[in-house]
$ cat start27.cif   # mmCIF, C-alpha atoms
data_query
loop_
_atom_site.label_atom_id
_atom_site.label_comp_id
_atom_site.auth_asym_id
_atom_site.auth_seq_id
_atom_site.Cartn_x
_atom_site.Cartn_y
_atom_site.Cartn_z
CA MET B 1 -29.86 -9.21 -15.93
CA SER B 2 -28.45 -10.05 -12.56
CA ALA B 3 -27.75 -7.20 -10.16
CA VAL B 4 -24.58 -8.86 -8.90
CA ALA B 5 -22.62 -11.69 -10.47
CA PHE B 6 -19.50 -13.36 -9.10
CA ASP B 7 -17.83 -15.18 -11.95
CA ARG B 8 -15.21 -17.70 -10.81
CA VAL B 9 -13.67 -15.23 -8.44
CA ALA B 10 -10.45 -15.89 -6.56
CA VAL B 11 -9.03 -13.67 -3.84
CA ARG B 12 -5.68 -14.27 -2.23
CA ALA B 13 -4.40 -12.72 0.97
CA ASP B 14 -1.17 -10.72 0.77
CA GLY B 15 0.79 -13.81 1.75
CA GLY B 16 -0.81 -15.82 -1.06
CA ARG B 17 -3.21 -17.76 1.14
CA PRO B 18 -6.46 -18.27 -0.80
CA ILE B 19 -9.52 -16.60 0.78
CA LEU B 20 -11.91 -17.19 -2.10
CA GLU B 21 -11.44 -19.82 -4.78
CA ASP B 22 -13.63 -20.36 -7.83
CA PHE B 23 -16.44 -18.41 -6.16
CA SER B 24 -19.49 -18.04 -8.38
CA LEU B 25 -22.91 -16.63 -7.55
CA GLU B 26 -25.62 -14.63 -9.27
CA VAL B 27 -28.05 -12.36 -7.51
CA ALA B 28 -31.11 -11.22 -9.43
CA SER B 29 -32.39 -7.67 -9.22
CA GLY B 30 -34.72 -7.25 -6.24
CA GLU B 31 -33.64 -10.54 -4.72
CA ALA B 32 -32.36 -11.01 -1.16
CA VAL B 33 -29.61 -13.60 -0.96
CA ALA B 34 -28.02 -14.76 2.29
CA LEU B 35 -24.40 -15.82 2.34
CA VAL B 36 -24.40 -18.27 5.20
CA GLY B 37 -21.61 -20.38 6.57
CA PRO B 38 -19.02 -20.75 9.28
CA SER B 39 -16.71 -17.87 10.24
CA GLY B 40 -13.56 -17.56 8.18
CA GLY B 41 -15.20 -19.03 5.10
CA GLY B 42 -14.83 -15.88 3.00
CA LYS B 43 -18.35 -14.39 3.30
CA THR B 44 -17.20 -10.92 4.31
CA THR B 45 -14.51 -10.90 1.64
CA ALA B 46 -17.13 -11.76 -0.97
CA LEU B 47 -19.23 -8.82 0.23
CA LYS B 48 -16.31 -6.40 0.10
CA LEU B 49 -15.67 -7.37 -3.51
CA VAL B 50 -19.07 -5.95 -4.39
CA ASN B 51 -18.29 -2.42 -3.17
CA ALA B 52 -14.69 -2.62 -4.37
CA LEU B 53 -13.12 -2.57 -0.92
CA ARG B 54 -11.27 -5.62 -2.21
CA ARG B 55 -10.21 -6.59 -5.70
CA PRO B 56 -10.47 -10.06 -7.16
CA THR B 57 -7.14 -11.76 -7.86
CA ALA B 58 -8.84 -13.70 -10.64
CA GLY B 59 -12.30 -13.80 -12.17
CA ALA B 60 -14.72 -10.88 -12.12
CA VAL B 61 -17.46 -9.38 -10.04
CA VAL B 62 -20.08 -7.63 -12.14
CA VAL B 63 -22.37 -5.08 -10.50
CA GLY B 64 -25.09 -3.34 -12.50
CA GLY B 65 -23.66 -4.71 -15.73
CA ARG B 66 -20.13 -3.50 -15.17
CA ARG B 67 -17.06 -5.11 -13.62
CA THR B 68 -16.22 -3.65 -10.23
CA THR B 69 -12.73 -2.93 -11.52
CA ASP B 70 -14.25 -0.74 -14.26
CA TRP B 71 -16.41 1.27 -11.85
CA ASP B 72 -15.23 4.47 -10.24
CA PRO B 73 -15.07 2.99 -6.72
CA ILE B 74 -16.56 6.11 -5.13
CA ALA B 75 -19.58 6.05 -7.46
CA LEU B 76 -20.03 2.31 -6.97
CA ARG B 77 -19.95 2.64 -3.18
CA ARG B 78 -22.42 5.53 -3.10
CA ARG B 79 -25.00 3.45 -4.95
CA THR B 80 -24.34 0.44 -2.71
CA GLY B 81 -25.71 0.57 0.83
CA TRP B 82 -23.50 -1.03 3.44
CA VAL B 83 -24.58 -2.15 6.89
CA ILE B 84 -22.02 -3.49 9.32
CA GLN B 85 -22.03 -4.31 13.01
CA GLU B 86 -22.81 -1.43 15.32
CA ILE B 87 -19.23 -0.20 15.38
CA GLY B 88 -19.89 1.28 11.95
CA LEU B 89 -21.85 4.28 13.25
CA PHE B 90 -19.72 7.41 13.62
CA PRO B 91 -19.55 8.05 17.39
CA HIS B 92 -18.92 11.79 16.98
CA ARG B 93 -21.98 12.38 14.81
CA THR B 94 -25.63 12.39 15.80
CA VAL B 95 -28.17 9.87 14.54
CA ALA B 96 -29.42 12.33 11.92
CA GLU B 97 -25.88 13.18 10.82
CA ASN B 98 -25.00 9.51 10.54
CA VAL B 99 -28.02 8.82 8.34
CA ALA B 100 -27.20 11.90 6.25
CA THR B 101 -23.67 10.69 5.48
CA VAL B 102 -24.04 9.46 1.91
CA PRO B 103 -26.44 12.22 0.78
CA GLU B 104 -24.04 14.79 2.22
CA ILE B 105 -20.89 13.40 0.66
CA SER B 106 -22.79 13.09 -2.61
CA GLY B 107 -23.65 16.79 -2.49
CA TRP B 108 -27.44 16.70 -1.99
CA ASP B 109 -28.93 20.01 -0.94
CA PRO B 110 -29.52 20.23 2.82
CA ALA B 111 -33.33 20.48 2.67
CA ARG B 112 -33.60 17.32 0.58
CA THR B 113 -31.17 15.53 2.90
CA ARG B 114 -33.14 16.58 6.00
CA ALA B 115 -36.41 15.35 4.52
CA ARG B 116 -34.81 12.09 3.49
CA VAL B 117 -33.31 11.54 6.96
CA ALA B 118 -36.71 12.02 8.62
CA GLU B 119 -38.34 9.69 6.10
CA LEU B 120 -35.77 6.96 6.64
CA LEU B 121 -35.74 7.13 10.40
CA ALA B 122 -39.52 6.81 10.30
CA LEU B 123 -39.14 3.84 7.98
CA VAL B 124 -37.00 2.01 10.56
CA GLY B 125 -39.31 3.03 13.39
CA LEU B 126 -37.36 5.92 14.93
CA ASP B 127 -38.89 9.37 15.35
CA VAL B 128 -36.47 12.01 14.06
CA ALA B 129 -37.67 14.59 16.61
CA ARG B 130 -36.89 12.22 19.44
CA TYR B 131 -33.77 10.45 18.19
CA GLY B 132 -32.27 12.68 15.50
CA ASP B 133 -30.03 14.70 17.82
CA ARG B 134 -28.85 11.80 19.97
CA TYR B 135 -25.44 10.24 19.69
CA PRO B 136 -24.98 6.53 18.95
CA HIS B 137 -23.81 5.83 22.51
CA GLU B 138 -27.17 7.07 23.80
CA LEU B 139 -29.08 4.38 21.91
CA SER B 140 -29.72 0.71 22.59
CA GLY B 141 -28.02 -1.88 20.41
CA GLY B 142 -31.22 -2.49 18.46
CA GLN B 143 -31.77 1.22 17.86
CA ARG B 144 -28.19 1.58 16.65
CA GLN B 145 -28.70 -1.17 14.10
CA ARG B 146 -31.89 0.50 12.90
CA VAL B 147 -29.87 3.66 12.38
CA GLY B 148 -27.28 1.57 10.51
CA VAL B 149 -29.97 0.25 8.16
CA ALA B 150 -31.42 3.74 7.66
CA ARG B 151 -27.95 5.09 6.88
CA ALA B 152 -27.34 2.40 4.29
CA LEU B 153 -30.63 3.19 2.55
CA ALA B 154 -30.24 6.98 2.71
CA ALA B 155 -29.17 7.66 -0.86
CA ASP B 156 -31.70 5.18 -2.21
CA PRO B 157 -29.17 2.58 -3.40
CA PRO B 158 -30.43 -0.19 -5.67
CA LEU B 159 -28.17 -2.64 -3.85
CA VAL B 160 -27.61 -3.16 -0.13
CA LEU B 161 -24.85 -5.20 1.49
CA LEU B 162 -25.25 -6.36 5.08
CA ASP B 163 -22.38 -7.92 7.01
CA GLU B 164 -23.63 -9.69 10.14
CA PRO B 165 -25.67 -6.56 10.85
CA PHE B 166 -27.54 -7.95 13.83
CA ALA B 167 -24.90 -10.28 15.26
CA ALA B 168 -24.19 -8.19 18.36
CA LEU B 169 -27.84 -8.07 19.42
CA ASP B 170 -29.76 -10.19 21.87
CA PRO B 171 -31.75 -13.01 20.22
CA VAL B 172 -35.16 -11.37 20.64
CA THR B 173 -34.12 -8.03 19.12
CA ARG B 174 -32.21 -9.86 16.47
CA PHE B 175 -35.24 -11.88 15.48
CA ALA B 176 -37.42 -8.77 15.37
CA LEU B 177 -34.96 -6.75 13.30
CA GLY B 178 -34.47 -9.62 10.86
CA GLY B 179 -38.22 -9.63 10.23
CA GLU B 180 -38.36 -5.85 9.92
CA PHE B 181 -35.46 -5.83 7.49
CA ARG B 182 -37.15 -8.47 5.37
CA ALA B 183 -40.41 -6.52 5.22
CA LEU B 184 -38.53 -3.35 4.33
CA GLN B 185 -36.47 -5.06 1.64
CA ARG B 186 -39.63 -6.48 0.03
CA GLN B 187 -41.44 -3.17 0.27
CA LEU B 188 -38.57 -1.22 -1.32
CA GLY B 189 -37.64 -3.94 -3.82
CA ARG B 190 -33.93 -3.57 -3.17
CA THR B 191 -31.38 -6.19 -4.04
CA ALA B 192 -29.72 -7.40 -0.85
CA LEU B 193 -26.72 -9.52 0.00
CA PHE B 194 -26.86 -10.55 3.64
CA VAL B 195 -23.92 -12.21 5.36
CA THR B 196 -24.67 -14.28 8.46
CA HIS B 197 -23.33 -17.35 10.21
CA ASP B 198 -26.79 -18.13 11.59
CA LEU B 199 -28.95 -20.38 9.40
CA ARG B 200 -32.11 -19.35 11.23
CA GLU B 201 -31.44 -15.69 10.44
CA ALA B 202 -30.59 -16.52 6.82
CA LEU B 203 -33.93 -18.29 6.41
CA ARG B 204 -35.70 -15.32 7.89
CA VAL B 205 -34.15 -12.59 5.73
CA ALA B 206 -33.52 -14.13 2.32
CA ASP B 207 -35.20 -15.46 -0.82
CA ARG B 208 -32.25 -17.69 -1.47
CA LEU B 209 -29.27 -19.02 0.45
CA ALA B 210 -25.72 -19.50 -0.73
CA VAL B 211 -23.81 -21.71 1.66
CA VAL B 212 -20.20 -20.51 1.78
CA ALA B 213 -17.33 -22.46 3.27
CA GLU B 214 -13.60 -22.54 2.61
CA GLY B 215 -13.83 -19.81 0.01
CA ARG B 216 -16.45 -21.40 -2.23
CA VAL B 217 -20.19 -21.47 -2.66
CA ARG B 218 -20.93 -25.07 -1.74
CA VAL B 219 -24.67 -25.08 -2.36
CA ARG B 220 -27.35 -22.67 -3.51
CA LEU B 221 -30.69 -23.32 -1.87
CA ALA B 222 -34.22 -22.05 -1.61
CA PRO B 223 -35.34 -21.80 2.03
CA ASP B 224 -37.64 -24.81 1.69
CA GLU B 225 -34.77 -26.96 0.45
CA VAL B 226 -32.66 -26.43 3.56
CA ALA B 227 -34.32 -29.08 5.71
CA ALA B 228 -33.70 -31.90 3.23
CA CYS B 229 -30.19 -30.91 2.14
CA ASP B 230 -27.58 -33.48 3.05
CA ASP B 231 -24.49 -31.33 2.46
CA PRO B 232 -22.34 -31.74 5.59
CA VAL B 233 -21.88 -27.97 6.06
CA VAL B 234 -25.61 -27.40 5.78
CA ARG B 235 -26.20 -30.22 8.24
CA ALA B 236 -23.75 -28.66 10.69
CA LEU B 237 -25.42 -25.24 10.31
CA ARG B 238 -28.80 -26.86 10.87
CA GLU B 239 -27.61 -28.54 14.04
CA ALA B 240 -25.99 -25.36 15.32
CA SER B 241 -29.28 -23.51 14.84
CA GLY B 242 -31.35 -26.29 16.35
CA LEU B 243 -33.24 -26.89 13.10
CA MET K 1 8.90 47.76 36.84
CA THR K 2 5.20 47.03 36.29
CA ASP K 3 5.45 48.42 32.75
CA GLU K 4 8.45 46.24 32.15
CA ILE K 5 6.61 43.13 33.36
CA VAL K 6 3.60 43.88 31.18
CA ARG K 7 5.79 44.45 28.13
CA ALA K 8 7.83 41.32 28.83
CA THR K 9 4.64 39.27 29.29
CA LEU K 10 3.29 40.49 25.96
CA GLU K 11 6.57 39.68 24.24
CA HIS K 12 6.49 36.29 25.86
CA CYS K 13 2.97 35.64 24.60
CA VAL K 14 3.98 36.70 21.08
CA LEU K 15 6.96 34.33 21.15
CA VAL K 16 4.78 31.40 22.22
CA LEU K 17 1.77 32.18 20.03
CA VAL K 18 3.83 32.68 16.88
CA SER K 19 6.00 29.61 17.40
CA VAL K 20 3.10 27.31 18.34
CA GLY K 21 0.99 28.82 15.57
CA VAL K 22 3.62 28.13 12.93
CA ALA K 23 4.31 24.68 14.37
CA THR K 24 0.57 23.88 14.20
CA ALA K 25 0.27 25.20 10.66
CA VAL K 26 3.18 23.01 9.61
CA GLY K 27 2.80 20.06 12.00
CA VAL K 28 -0.86 19.15 11.49
CA PRO K 29 -0.73 19.01 7.67
CA LEU K 30 2.64 17.25 7.82
CA GLY K 31 1.23 14.76 10.32
CA VAL K 32 -1.80 14.12 8.10
CA TRP K 33 0.51 13.61 5.14
CA LEU K 34 2.54 11.11 7.15
CA THR K 35 -0.60 9.04 7.81
CA ARG K 36 -0.96 8.79 3.99
CA ARG K 37 2.72 8.01 3.40
CA THR K 38 3.50 5.72 6.30
CA ALA K 39 6.96 4.90 4.95
CA TRP K 40 7.98 8.49 5.79
CA GLN K 41 6.75 8.34 9.40
CA ARG K 42 9.89 6.85 10.85
CA PRO K 43 12.43 9.19 9.22
CA VAL K 44 10.39 12.37 9.72
CA LEU K 45 9.43 11.64 13.32
CA GLY K 46 13.02 10.51 13.90
CA VAL K 47 14.42 13.86 12.75
CA ALA K 48 11.85 15.72 14.86
CA ASN K 49 12.84 13.57 17.81
CA VAL K 50 16.51 14.39 17.38
CA VAL K 51 15.73 18.13 17.30
CA GLN K 52 13.67 17.73 20.46
CA THR K 53 16.54 15.94 22.17
CA ILE K 54 19.07 18.72 21.63
CA PRO K 55 19.22 20.81 24.84
CA SER K 56 17.51 24.12 24.24
CA LEU K 57 20.51 26.33 25.04
CA ALA K 58 22.62 24.19 22.75
CA LEU K 59 20.11 24.59 19.93
CA PHE K 60 20.11 28.35 20.40
CA GLY K 61 23.89 28.20 20.34
CA LEU K 62 23.85 26.17 17.14
CA LEU K 63 21.51 28.57 15.37
CA ILE K 64 23.28 31.83 16.28
CA PRO K 65 26.34 31.36 13.97
CA LEU K 66 24.15 30.47 10.98
CA PRO K 67 23.61 33.14 8.31
CA LEU K 68 20.26 35.00 8.66
CA PHE K 69 20.06 34.08 12.35
CA GLY K 70 22.39 35.59 14.94
CA ILE K 71 21.22 37.12 18.20
CA GLY K 72 17.59 38.17 18.26
CA MET K 73 13.94 37.29 18.32
CA ARG K 74 14.01 35.58 14.93
CA THR K 75 16.48 32.94 16.06
CA ALA K 76 14.45 32.37 19.21
CA LEU K 77 11.27 31.96 17.19
CA VAL K 78 12.84 29.40 14.88
CA ALA K 79 14.14 27.38 17.82
CA LEU K 80 10.82 27.56 19.68
CA THR K 81 8.95 26.50 16.55
CA LEU K 82 11.24 23.50 16.11
CA TYR K 83 10.56 22.46 19.69
CA ALA K 84 6.80 22.88 19.31
CA LEU K 85 6.75 20.84 16.14
CA LEU K 86 7.38 17.38 17.58
CA PRO K 87 4.47 17.10 20.05
CA ILE K 88 2.04 18.45 17.46
CA LEU K 89 3.36 16.25 14.68
CA ARG K 90 3.47 13.16 16.86
CA ASN K 91 -0.01 13.65 18.26
CA THR K 92 -1.50 14.29 14.82
CA VAL K 93 -0.04 11.03 13.53
CA ALA K 94 -1.00 9.11 16.68
CA GLY K 95 -4.50 10.60 16.87
CA ILE K 96 -5.35 9.66 13.30
CA ALA K 97 -3.71 6.25 13.62
CA ALA K 98 -5.88 5.59 16.68
CA VAL K 99 -9.13 5.96 14.72
CA ASP K 100 -10.85 2.58 14.70
CA PRO K 101 -10.01 0.85 11.40
CA ALA K 102 -13.59 -0.44 11.24
CA LEU K 103 -14.86 3.16 11.22
CA ARG K 104 -12.41 4.11 8.53
CA GLU K 105 -13.50 1.16 6.44
CA ALA K 106 -17.15 2.05 7.02
CA ALA K 107 -16.48 5.57 5.75
CA VAL K 108 -14.58 4.36 2.69
CA GLY K 109 -17.19 1.68 2.01
CA MET K 110 -19.91 4.34 2.00
CA GLY K 111 -18.12 6.18 -0.77
CA MET K 112 -16.14 8.90 1.00
CA THR K 113 -13.19 10.34 -0.86
CA ASP K 114 -9.93 10.56 1.05
CA ALA K 115 -10.53 14.25 1.76
CA GLN K 116 -14.02 13.49 3.09
CA LEU K 117 -12.68 10.67 5.23
CA LEU K 118 -10.14 13.06 6.70
CA ARG K 119 -12.48 15.97 7.29
CA ARG K 120 -15.56 14.08 8.44
CA VAL K 121 -14.11 11.15 10.34
CA GLU K 122 -10.40 11.18 11.06
CA LEU K 123 -9.80 14.79 12.08
CA PRO K 124 -12.88 15.09 14.32
CA LEU K 125 -12.07 11.81 16.05
CA ALA K 126 -8.38 12.76 16.42
CA ALA K 127 -9.10 16.36 17.43
CA SER K 128 -8.72 15.90 21.18
CA VAL K 129 -5.39 14.10 20.73
CA ILE K 130 -4.14 16.79 18.33
CA PHE K 131 -5.17 19.50 20.79
CA ALA K 132 -3.34 17.65 23.54
CA GLY K 133 -0.22 17.97 21.38
CA ILE K 134 -0.80 21.70 20.91
CA ARG K 135 -1.30 22.06 24.65
CA VAL K 136 1.95 20.28 25.45
CA ALA K 137 3.78 22.34 22.82
CA THR K 138 2.40 25.56 24.30
CA VAL K 139 3.32 24.73 27.88
CA ILE K 140 6.82 23.68 26.84
CA GLY K 141 7.03 26.84 24.73
CA VAL K 142 6.26 29.11 27.68
CA GLY K 143 9.12 27.52 29.58
CA LEU K 144 11.57 27.51 26.68
CA ALA K 145 10.83 31.12 25.77
CA THR K 146 12.10 32.06 29.24
CA ILE K 147 15.42 30.37 28.52
CA ALA K 148 15.64 32.12 25.15
CA ALA K 149 16.26 35.50 26.79
CA PRO K 150 20.09 35.30 26.60
CA ILE K 151 19.93 35.13 22.80
CA GLY K 152 17.89 38.30 22.66
CA ALA K 153 14.42 36.84 22.45
CA GLY K 154 12.92 39.32 24.90
CA GLY K 155 10.09 38.09 27.09
CA LEU K 156 9.93 37.29 30.77
CA GLY K 157 13.28 35.51 30.76
CA THR K 158 14.96 38.88 30.34
CA LEU K 159 13.75 39.85 33.82
CA VAL K 160 14.81 36.54 35.33
CA PHE K 161 18.29 36.58 33.82
CA SER K 162 19.00 40.25 34.58
CA GLY K 163 17.64 39.66 38.09
CA VAL K 164 20.03 36.77 38.58
CA ALA K 165 22.94 38.83 37.24
CA SER K 166 22.20 41.74 39.56
CA LEU K 167 21.14 39.57 42.55
CA ASP K 168 17.74 41.27 42.49
CA ASP K 169 15.10 38.85 43.83
CA THR K 170 12.21 41.17 42.97
CA ARG K 171 13.28 41.22 39.34
CA ILE K 172 13.68 37.44 39.28
CA LEU K 173 10.19 36.96 40.69
CA GLY K 174 8.80 39.64 38.37
CA GLY K 175 9.79 37.39 35.50
CA ALA K 176 9.33 33.97 37.06
CA VAL K 177 5.87 34.38 38.58
CA PRO K 178 4.15 35.66 35.39
CA ALA K 179 5.91 32.93 33.38
CA ALA K 180 4.60 30.25 35.73
CA LEU K 181 1.10 31.74 35.68
CA LEU K 182 1.20 31.93 31.90
CA ALA K 183 2.07 28.25 31.65
CA LEU K 184 -0.72 27.28 34.06
CA ALA K 185 -3.26 29.45 32.24
CA ALA K 186 -2.31 28.02 28.84
CA ASP K 187 -2.54 24.50 30.20
CA GLY K 188 -5.96 25.12 31.73
CA ALA K 189 -7.44 26.89 28.72
CA LEU K 190 -6.18 24.43 26.14
CA GLY K 191 -7.15 21.50 28.37
CA ALA K 192 -10.72 22.81 28.28
CA VAL K 193 -10.60 23.01 24.47
CA GLU K 194 -9.23 19.50 24.34
CA ARG K 195 -12.07 18.15 26.47
CA ARG K 196 -14.65 19.83 24.25
CA PHE K 197 -13.31 17.89 21.29
CA ARG K 198 -13.43 14.57 23.05
CA THR K 199 -15.78 12.11 21.34
CA PRO K 200 -18.91 11.36 23.33
CA ARG K 201 -19.15 7.73 24.39
#
$ encode --input "start27.cif" --output "structure tokens"
Amino acid sequence: MSAVAFDRVAVRADGGRPILEDFSLEVASGEAVALVGPSGGGKTTALKLVNALRRPTAGAVVVGGRRTTDWDPIALRRRTGWVIQEIGLFPHRTVAENVATVPEISGWDPARTRARVAELLALVGLDVARYGDRYPHELSGGQRQRVGVARALAADPPLVLLDEPFAALDPVTRFALGGEFRALQRQLGRTALFVTHDLREALRVADRLAVVAEGRVRVRLAPDEVAACDDPVVRALREASGL
Amino acid sequence: MTDEIVRATLEHCVLVLVSVGVATAVGVPLGVWLTRRTAWQRPVLGVANVVQTIPSLALFGLLIPLPLFGIGMRTALVALTLYALLPILRNTVAGIAAVDPALREAAVGMGMTDAQLLRRVELPLAASVIFAGIRVATVIGVGLATIAAPIGAGGLGTLVFSGVASLDDTRILGGAVPAALLALAADGALGAVERRFRTPR
């Protein structure tokens, strides 16, 4: 059974402008799929359908065997990790408090939350004794994104959504974090949907690529099929990434 | 005279603390509610604005003929509370509205309920702005409470007004100087609280 399935989904903006049209995609359990394509193509909207921040106008998004519209949105979101650009960390809360967010709002007991926070920060290469009490503004961009990944994984969600998580970073850090994320995702066996406009990053983090433009999935590709693909959007992405 | 000043200062503090306290207890929840029912923001803030615009002596004058009011501390307290309400209400709405929408979406996307969003994200991030509103309301309240003396509010205004009536400069200063100091002290103390709540960046 697929972990996430988009079945002919349409989303319209309030004014009626179509954002997604006939959007279909299946993501198997444990698989990492990159949604790659130019900005404004509907990638972020597709991601927000999965944690019910948006509702489909037509079609259905099925997560864990149930339509997102049938889920209690709070329960769905707590089992779905979400990583966004660095702005997503709470500036008034320390690193440890940020990572503890979902366990805390889900009512875990404090000792279990503390242990989990230390474990996760270690997993992303940050020592809780050194970084736990710092505030996001005291960290580098790369460290902040590590905290963002740790926070998304805190309550052990089977599914993780990442929306351009490393886009604000310098290319070297970005490359490193992409690799680290990939290793982590394989090690933990989590299903991941990773939105990026950078083909190079998509190839680095995902098992499979879905090329999204103008509200549709144009092509679904394995990484080794990218080089030979003659779809014009894929060609443009390749050129933009120097591949 | 010293006894009189001390008593008047205490009365003055009670007037301000009670009115700002009630205005905070009403204004902050009302402001939060308005951020959830944005259609009501305009009418409610509009009414509060109108009340704020009425000159204070005129408002006292308008309240006195009403049943249950008349001359006395109660009327003064109601008027002072009405005046304190607007800055607190407005700053609560503005402070919460100023929270970065991306942060709000992050919180909702992580599975926070509305109450959790409010308690864990919006109120802490808006706290310094809300406290700025309370500070403004308090400083205005210290001044207005002085003017409320003619309607029987008590407080330091009593000394000022009776001093003016009897051409007694010592009496005037005995009311005016503590009132000024009170306003400065309130401003300083609440400013410090406000800074404590500022988000580190």
$ interface_residues --input "start27.cif" --of "chain B" --to "chain K" --cutoff "12 Å" --atoms "all atoms listed in the file" --output "compact mmCIF listing (two decimals) with C-alpha atoms, in the frame of the given file"
# COMPACT_ATOMS: atom_id res chain seq x y z
CA LEU B 47 -19.23 -8.82 0.23
CA LYS B 48 -16.31 -6.40 0.10
CA LEU B 49 -15.67 -7.37 -3.51
CA VAL B 50 -19.07 -5.95 -4.39
CA ASN B 51 -18.29 -2.42 -3.17
CA ALA B 52 -14.69 -2.62 -4.37
CA LEU B 53 -13.12 -2.57 -0.92
CA ARG B 54 -11.27 -5.62 -2.21
CA ASP B 72 -15.23 4.47 -10.24
CA PRO B 73 -15.07 2.99 -6.72
CA ILE B 74 -16.56 6.11 -5.13
CA ALA B 75 -19.58 6.05 -7.46
CA LEU B 76 -20.03 2.31 -6.97
CA ARG B 77 -19.95 2.64 -3.18
CA ARG B 78 -22.42 5.53 -3.10
CA ARG B 79 -25.00 3.45 -4.95
CA THR B 80 -24.34 0.44 -2.71
CA GLY B 81 -25.71 0.57 0.83
CA TRP B 82 -23.50 -1.03 3.44
CA VAL B 83 -24.58 -2.15 6.89
CA ILE B 84 -22.02 -3.49 9.32
CA GLN B 85 -22.03 -4.31 13.01
CA GLU B 86 -22.81 -1.43 15.32
CA ILE B 87 -19.23 -0.20 15.38
CA GLY B 88 -19.89 1.28 11.95
CA LEU B 89 -21.85 4.28 13.25
CA PHE B 90 -19.72 7.41 13.62
CA PRO B 91 -19.55 8.05 17.39
CA HIS B 92 -18.92 11.79 16.98
CA ARG B 93 -21.98 12.38 14.81
CA THR B 94 -25.63 12.39 15.80
CA GLU B 97 -25.88 13.18 10.82
CA ASN B 98 -25.00 9.51 10.54
CA VAL B 99 -28.02 8.82 8.34
CA ALA B 100 -27.20 11.90 6.25
CA THR B 101 -23.67 10.69 5.48
CA VAL B 102 -24.04 9.46 1.91
CA PRO B 103 -26.44 12.22 0.78
CA GLU B 104 -24.04 14.79 2.22
CA ILE B 105 -20.89 13.40 0.66
CA SER B 106 -22.79 13.09 -2.61
CA GLY B 107 -23.65 16.79 -2.49
CA ARG B 134 -28.85 11.80 19.97
CA TYR B 135 -25.44 10.24 19.69
CA PRO B 136 -24.98 6.53 18.95
CA HIS B 137 -23.81 5.83 22.51
CA GLU B 138 -27.17 7.07 23.80
CA LEU B 139 -29.08 4.38 21.91
CA GLY B 148 -27.28 1.57 10.51
CA ARG B 151 -27.95 5.09 6.88
CA ALA B 152 -27.34 2.40 4.29
CA LEU B 153 -30.63 3.19 2.55
CA ALA B 154 -30.24 6.98 2.71
CA ALA B 155 -29.17 7.66 -0.86
CA PRO B 157 -29.17 2.58 -3.40
CA VAL B 160 -27.61 -3.16 -0.13
CA LEU B 161 -24.85 -5.20 1.49
CA LEU B 162 -25.25 -6.36 5.08
CA ASP B 163 -22.38 -7.92 7.01
$ residues_around --input "start27.cif" --residues "segment 130-142 of chain K" --least-positions-apart "5" --cutoff "7 Å" --atoms "all atoms listed in the file" --output "PyMOL selection string"
chain K and resi 16+20+80+84+87-88+91-92+95+179+183+186-187+190-191+194
$ closest_residue --input "start27.cif" --among "K:Val160, K:Val32, K:Val193, K:Ile5" --to "Ala145 of chain K" --atoms "all atoms listed in the file"
K:Val160
$ atom_distance --input "start27.cif" --atom1 "atom CA of Asp14 of chain B" --atom2 "atom CA of Val219 of chain B"
27.7 Å
$ atom_distance --input "start27.cif" --atom1 "atom CA of Leu10 of chain K" --atom2 "atom CA of Ser166 of chain K"
23.3 Å
$ residues_around --input "start27.cif" --residues "segment 170-175 of chain K" --least-positions-apart "3" --cutoff "12 Å" --atoms "only C-alpha atoms" --output "NGL selection string"
:K and (1-12 or 142-143 or 145-147 or 149 or 154-167 or 178-182)
$ axis_aligned_box --input "start27.cif" --around "segment 106-113 of chain B" --padding-each-side "5 Å" --output "AutoDock Vina command-line options"
--center_x -28.2 --center_y 16.8 --center_z 0.1 --size_x 20.8 --size_y 17.4 --size_z 15.5
$ resolve_selection --input "start27.cif" --expression "the PyMOL selection byres ((chain B and resi 233-240) around 8)" --output "ChimeraX atom specification"
/B:37-38,198-199,211,213,226-227,229-232,241-243
$ write_last_selection --input "start27.cif" --atoms "C-alpha atoms" --output "PDB file, in the coordinates of the input"
ATOM      1  CA  GLY B  37     -21.610 -20.380   6.570  1.00  0.00           C
ATOM      2  CA  PRO B  38     -19.020 -20.750   9.280  1.00  0.00           C
ATOM      3  CA  ASP B 198     -26.790 -18.130  11.590  1.00  0.00           C
ATOM      4  CA  LEU B 199     -28.950 -20.380   9.400  1.00  0.00           C
ATOM      5  CA  VAL B 211     -23.810 -21.710   1.660  1.00  0.00           C
ATOM      6  CA  ALA B 213     -17.330 -22.460   3.270  1.00  0.00           C
ATOM      7  CA  VAL B 226     -32.660 -26.430   3.560  1.00  0.00           C
ATOM      8  CA  ALA B 227     -34.320 -29.080   5.710  1.00  0.00           C
ATOM      9  CA  CYS B 229     -30.190 -30.910   2.140  1.00  0.00           C
ATOM     10  CA  ASP B 230     -27.580 -33.480   3.050  1.00  0.00           C
ATOM     11  CA  ASP B 231     -24.490 -31.330   2.460  1.00  0.00           C
ATOM     12  CA  PRO B 232     -22.340 -31.740   5.590  1.00  0.00           C
ATOM     13  CA  SER B 241     -29.280 -23.510  14.840  1.00  0.00           C
ATOM     14  CA  GLY B 242     -31.350 -26.290  16.350  1.00  0.00           C
ATOM     15  CA  LEU B 243     -33.240 -26.890  13.100  1.00  0.00           C
TER      16      LEU B 243
END
$ residues_around --input "start27.cif" --residues "Leu86 of chain K" --least-positions-apart "3" --cutoff "9 Å" --atoms "all atoms listed in the file" --output "VMD selection string"
chain K and resid 23 27 45 48 to 49 51 to 52 82 to 83 89 to 91 133 137
$ atom_distance --input "start27.cif" --atom1 "atom CA of Leu62 of chain K" --atom2 "atom CA of Ala148 of chain K"
12.9 Å
